[in-house]
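K.L.:
Structure incoming, see below.
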Amino acid sequence: MKYDFDTPVARENTSSAKYDLRKEIFGRSDVIPLWLADMDFQTPGFIIEALKRRLQHEILGYSFPPDSFYDAIINWNRRRHEWVIKKEWIGFSPGVVPALNLLVMALTKPGDKIIVQPPVYFPFFSAVENHGRILVNNPLYYDQGEYRMDLKQLVLCLDDKVTMIFLCNPHNPTGNVWEKEVLMELANLCAERNIIMVSDEIHSDLIYPRYRHIPLASLSSAIAGHTITCLAPSKTFNLAGLSTSYLVISNPELKKKYDAMLDLVHVGAGNIFGFTALEAAYNEGDEWLEQLMEYIGDNLRFLTDFLREYIPPIKVVKPAATYMVWLDCREMGLGVKELRDFMIHKAGLGLSDGPLFGQGGEGFQRINIACPRATLEKALCRLQDAVKKKVSGIQ
Ligand SMILES: Cc1ncc(COP(=O)(O)O)c(C=O)c1O
């Protein structure tokens, strides 16, 4: 392997939310942090070099996304996802979560209903409720270790107050890559009722072998007409600290409303380091990404085998994408608070607590496996030890 994912990088005292907020989040700063969705791998050298080159010009004044930023996005999506998009469809956002909030403000009104499908990335909930819109849950169903979208149940939720649905594809935290048939059926249900689909596809580059991500808006121009896709290089290339993401909106009316909202709150200018990093990532990042996914795939196998062999009550929900892995801990027989306390205080792990992700999260934990194998192994040994002590009644 050309790139090194094994060497640990010290991240304490670097304003890293994942490391330096442990005390606030977990009540202690000695847990192994496997919660927040960034990676413990170095941001790739070709991105760091591009940033250093930009720094040689020592004026950091106001900026705007250059043509080369749009070209990089267009080429990446064509190359990686066989999705042809146009420059005028691309909008800027300082993050996907800000984009979700801006879209709710721009395209719905107070009292409208917005559908989410829990367990799901929890900022979806606040993006609805913080703006006086009504959250409607259409939970995924879980059957024999697999999650599915409940489209029959969805139909029952669709009254004329529903104006938007948030799709998570790939789905955080369950790791689903939604199949074409499911996306088509969902899109048809929404089209019939004029419901805007906001498709958060931030994890779409992080796909395991044998799976393929299908951008919802690539299915047809009619579907694209009522779809807004949210994307970013931040998860893929470890750039979350640069607050740079983008949207693809082919419907000019929706795009105009989004841009107007972005202007209203004055967050559309972006930052030159974000533009520079995105371009380097998308223009030079293919080989690095192949190797990253190989390494993460090996971590996933390591995790799955370790749990099966040494901690059988905890089961991996097999993901098709992303380094955030959903663990079914229900056989541990612990209540919600007990499970969280067990992970923090007995196992010494900083995981994401299942109930955060809404309905269906009880008894689950989410672990981030984008770390050197040695870190993962250390975390799993701690967990094994804690479970052993629990079983033998020592704790
Ligand atoms: C599905 C999903 N959307 C959005 C984000 C965060 O996006 P941003 O940092 O661009 O706001 C995450 C981060 O974990 C995520 O998992």
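Each chain in the structure tokens gets a letter, A, B, ..., in the order shown, and its residues are numbered from 1; ligands are numbered from 1 in order too.
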Give me the residues near Pro209 (chain A) as number ranges by chain, where near means some atom within 9 Å (using only C-alpha atoms) and where sequence neighbours in that chain fewer than 5 positions away do not count.
P.N.:
A: 293-294, 297, 320
K.L.:
Create the file for the chosen residues now, containing C-alpha atoms and written as a compact mmCIF listing (two decimals), in the first residue's frame.
P.N.:
# COMPACT_ATOMS: atom_id res chain seq x y z
CA MET A 293 -11.52 1.82 1.45
CA GLU A 294 -9.29 -1.23 1.31
CA GLY A 297 -12.75 -2.80 4.65
CA ALA A 320 -22.58 -1.39 2.43
K.L.:
Can you pull out every residue with an atom within 9 Å of ligand 1? Use only C-alpha atoms and all ligand atoms and format it as a PyMOL selection string.
P.N.:
chain A and resi 36-38+93-100+120-124+168-173+200-203+230-235+240-241+243-246+322+324
K.L.:
Could you write those residues out with C-alpha atoms, as a tab-separated table (two decimals), in the first residue's frame?
P.N.:
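What landed in selection-v1.tsv:
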chain	number	residue	atom	x	y	z
A	36	LEU	CA	-17.61	11.74	15.71
A	37	ALA	CA	-17.48	11.09	11.96
A	38	ASP	CA	-13.97	12.17	11.08
A	93	SER	CA	-22.82	25.54	1.60
A	94	PRO	CA	-20.47	25.76	4.58
A	95	GLY	CA	-21.56	22.23	5.53
A	96	VAL	CA	-24.27	19.69	4.83
A	97	VAL	CA	-26.04	20.35	8.13
A	98	PRO	CA	-26.19	24.10	7.41
A	99	ALA	CA	-27.55	23.17	3.95
A	100	LEU	CA	-30.34	21.04	5.47
A	120	VAL	CA	-30.84	8.34	11.27
A	121	TYR	CA	-28.18	11.05	11.56
A	122	PHE	CA	-29.72	13.12	14.34
A	123	PRO	CA	-29.15	16.69	13.03
A	124	PHE	CA	-31.98	15.81	10.63
A	168	CYS	CA	-29.84	9.59	3.89
A	169	ASN	CA	-28.04	7.68	1.13
A	170	PRO	CA	-25.82	5.94	2.17
A	171	HIS	CA	-27.72	5.78	5.40
A	172	ASN	CA	-25.97	6.85	8.60
A	173	PRO	CA	-25.90	4.91	10.98
A	200	ASP	CA	-27.90	13.69	1.92
A	201	GLU	CA	-25.23	11.75	0.03
A	202	ILE	CA	-22.20	12.85	2.05
A	203	HIS	CA	-21.09	9.23	2.58
A	230	CYS	CA	-26.13	17.43	-0.52
A	231	LEU	CA	-22.50	16.43	-0.92
A	232	ALA	CA	-19.02	17.18	0.39
A	233	PRO	CA	-15.45	15.90	0.25
A	234	SER	CA	-15.19	16.20	4.03
A	235	LYS	CA	-16.00	12.63	5.13
A	240	ALA	CA	-14.50	18.51	8.00
A	241	GLY	CA	-12.64	21.38	9.69
A	243	SER	CA	-16.53	23.74	6.38
A	244	THR	CA	-16.95	23.22	2.63
A	245	SER	CA	-19.82	21.36	0.99
A	246	TYR	CA	-22.09	21.74	-2.00
A	322	THR	CA	-19.28	4.34	5.48
A	324	MET	CA	-19.58	4.47	10.91
K.L.:
Tell me which of A:Leu278, A:Glu338, A:Gly363, A:Glu88 sits closest to Ser68 (chain A), counting only C-alpha atoms.
P.N.:
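So, comparing all the options, the nearest one is A:Leu278.
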K.L.:
Could you pull the residues within 12 Å of Glu129 (chain A), counting only C-alpha atoms, minus those fewer than 6 positions along the same chain, as a PDB file with N, CA and C atoms, in the first residue's frame?
P.N.:
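Heads up, here's the output in result-v3.pdb:
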ATOM      1  N   LEU A 100     -29.022  21.605   5.125  1.00  0.00           N
ATOM      2  CA  LEU A 100     -30.338  21.042   5.472  1.00  0.00           C
ATOM      3  C   LEU A 100     -31.206  22.119   6.127  1.00  0.00           C
ATOM      4  N   ASN A 101     -30.591  22.881   7.027  1.00  0.00           N
ATOM      5  CA  ASN A 101     -31.340  23.938   7.713  1.00  0.00           C
ATOM      6  C   ASN A 101     -31.783  25.032   6.741  1.00  0.00           C
ATOM      7  N   VAL A 104     -34.680  23.824   4.572  1.00  0.00           N
ATOM      8  CA  VAL A 104     -35.962  23.836   5.295  1.00  0.00           C
ATOM      9  C   VAL A 104     -36.509  25.263   5.332  1.00  0.00           C
ATOM     10  N   MET A 105     -35.626  26.207   5.626  1.00  0.00           N
ATOM     11  CA  MET A 105     -36.080  27.603   5.711  1.00  0.00           C
ATOM     12  C   MET A 105     -36.522  28.134   4.342  1.00  0.00           C
ATOM     13  N   LYS A 109     -42.605  25.888   4.889  1.00  0.00           N
ATOM     14  CA  LYS A 109     -43.061  26.954   5.791  1.00  0.00           C
ATOM     15  C   LYS A 109     -43.421  26.364   7.166  1.00  0.00           C
ATOM     16  N   PRO A 110     -43.446  27.215   8.190  1.00  0.00           N
ATOM     17  CA  PRO A 110     -43.769  26.699   9.522  1.00  0.00           C
ATOM     18  C   PRO A 110     -45.082  25.924   9.483  1.00  0.00           C
ATOM     19  N   GLY A 111     -45.083  24.793  10.189  1.00  0.00           N
ATOM     20  CA  GLY A 111     -46.287  23.950  10.200  1.00  0.00           C
ATOM     21  C   GLY A 111     -46.246  22.844   9.151  1.00  0.00           C
ATOM     22  N   ASP A 112     -45.365  22.959   8.160  1.00  0.00           N
ATOM     23  CA  ASP A 112     -45.225  21.869   7.171  1.00  0.00           C
ATOM     24  C   ASP A 112     -44.665  20.634   7.856  1.00  0.00           C
ATOM     25  N   LYS A 113     -44.977  19.476   7.279  1.00  0.00           N
ATOM     26  CA  LYS A 113     -44.419  18.232   7.814  1.00  0.00           C
ATOM     27  C   LYS A 113     -43.228  17.791   6.961  1.00  0.00           C
ATOM     28  N   ILE A 114     -42.204  17.300   7.651  1.00  0.00           N
ATOM     29  CA  ILE A 114     -41.009  16.793   6.963  1.00  0.00           C
ATOM     30  C   ILE A 114     -40.724  15.387   7.487  1.00  0.00           C
ATOM     31  N   ILE A 115     -40.486  14.472   6.551  1.00  0.00           N
ATOM     32  CA  ILE A 115     -40.316  13.064   6.938  1.00  0.00           C
ATOM     33  C   ILE A 115     -38.844  12.710   7.108  1.00  0.00           C
ATOM     34  N   VAL A 116     -38.556  11.962   8.170  1.00  0.00           N
ATOM     35  CA  VAL A 116     -37.220  11.387   8.382  1.00  0.00           C
ATOM     36  C   VAL A 116     -37.398   9.890   8.654  1.00  0.00           C
ATOM     37  N   PHE A 122     -28.763  12.365  13.533  1.00  0.00           N
ATOM     38  CA  PHE A 122     -29.721  13.121  14.343  1.00  0.00           C
ATOM     39  C   PHE A 122     -29.855  14.617  14.033  1.00  0.00           C
ATOM     40  N   PRO A 123     -28.877  15.291  13.403  1.00  0.00           N
ATOM     41  CA  PRO A 123     -29.149  16.691  13.033  1.00  0.00           C
ATOM     42  C   PRO A 123     -30.314  16.853  12.046  1.00  0.00           C
ATOM     43  N   LEU A 135     -41.885  17.211  12.608  1.00  0.00           N
ATOM     44  CA  LEU A 135     -41.103  16.013  12.296  1.00  0.00           C
ATOM     45  C   LEU A 135     -42.031  14.807  12.211  1.00  0.00           C
ATOM     46  N   VAL A 136     -41.956  14.095  11.104  1.00  0.00           N
ATOM     47  CA  VAL A 136     -42.746  12.858  10.964  1.00  0.00           C
ATOM     48  C   VAL A 136     -41.765  11.707  10.805  1.00  0.00           C
TER      49      VAL A 136
END
K.L.:
So that I can see what lies close to Tyr211 (chain A), please list as a list in words the residues with an atom at most 10 Å from it, counting only C-alpha atoms and leaving out residues fewer than 4 positions away in the same chain.
P.N.:
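Near Tyr211 (chain A), the qualifying residues are Asn176, Val177, Trp178, Glu179, Ile207, Pro319, Ala320 and Ala321 of chain A.
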K.L.:
Keeping only C-alpha atoms, write the selected residues to a file as a PDB file, in the first residue's frame.
P.N.:
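Full text of out-v3.pdb as output:
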ATOM      1  CA  ASN A 176     -27.448   1.027   3.757  1.00  0.00           C
ATOM      2  CA  VAL A 177     -26.796   1.965   0.160  1.00  0.00           C
ATOM      3  CA  TRP A 178     -30.348   2.256  -1.139  1.00  0.00           C
ATOM      4  CA  GLU A 179     -31.120   0.098  -4.164  1.00  0.00           C
ATOM      5  CA  ILE A 207     -18.612   2.346  -0.600  1.00  0.00           C
ATOM      6  CA  PRO A 319     -22.727  -1.902   6.196  1.00  0.00           C
ATOM      7  CA  ALA A 320     -22.577  -1.393   2.432  1.00  0.00           C
ATOM      8  CA  ALA A 321     -20.919   1.974   2.984  1.00  0.00           C
TER       9      ALA A 321
END
K.L.:
Using DSSP secondary structure from the backbone, list all strand (DSSP E or B) positions within region 42-169 of chain A, as a list in words.
P.N.:
Ile90, Gly91, Phe92, Ser93, Lys113, Ile114, Ile115, Val116, Ile134, Leu135, Val136, Asn137, Tyr141, Tyr142, Asp143, Glu146, Tyr147, Arg148, Val162, Thr163, Met164, Ile165, Phe166, Leu167 and Cys168 of chain A
K.L.:
Ranking A:Thr14, A:Thr174, A:Asn77, A:Gln56 by minimum distance to Arg366 (chain A) and counting only C-alpha atoms, which one comes first?
P.N.:
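Of A:Thr14, A:Thr174, A:Asn77, A:Gln56, the one nearest Arg366 (chain A) is A:Thr174, counting only C-alpha atoms.
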K.L.:
May I ask which of the residues A:Leu349, A:Leu239, A:Cys329, A:Leu247 is the closest one to Ile74 (chain A), counting only C-alpha atoms?
P.N.:
A:Leu247
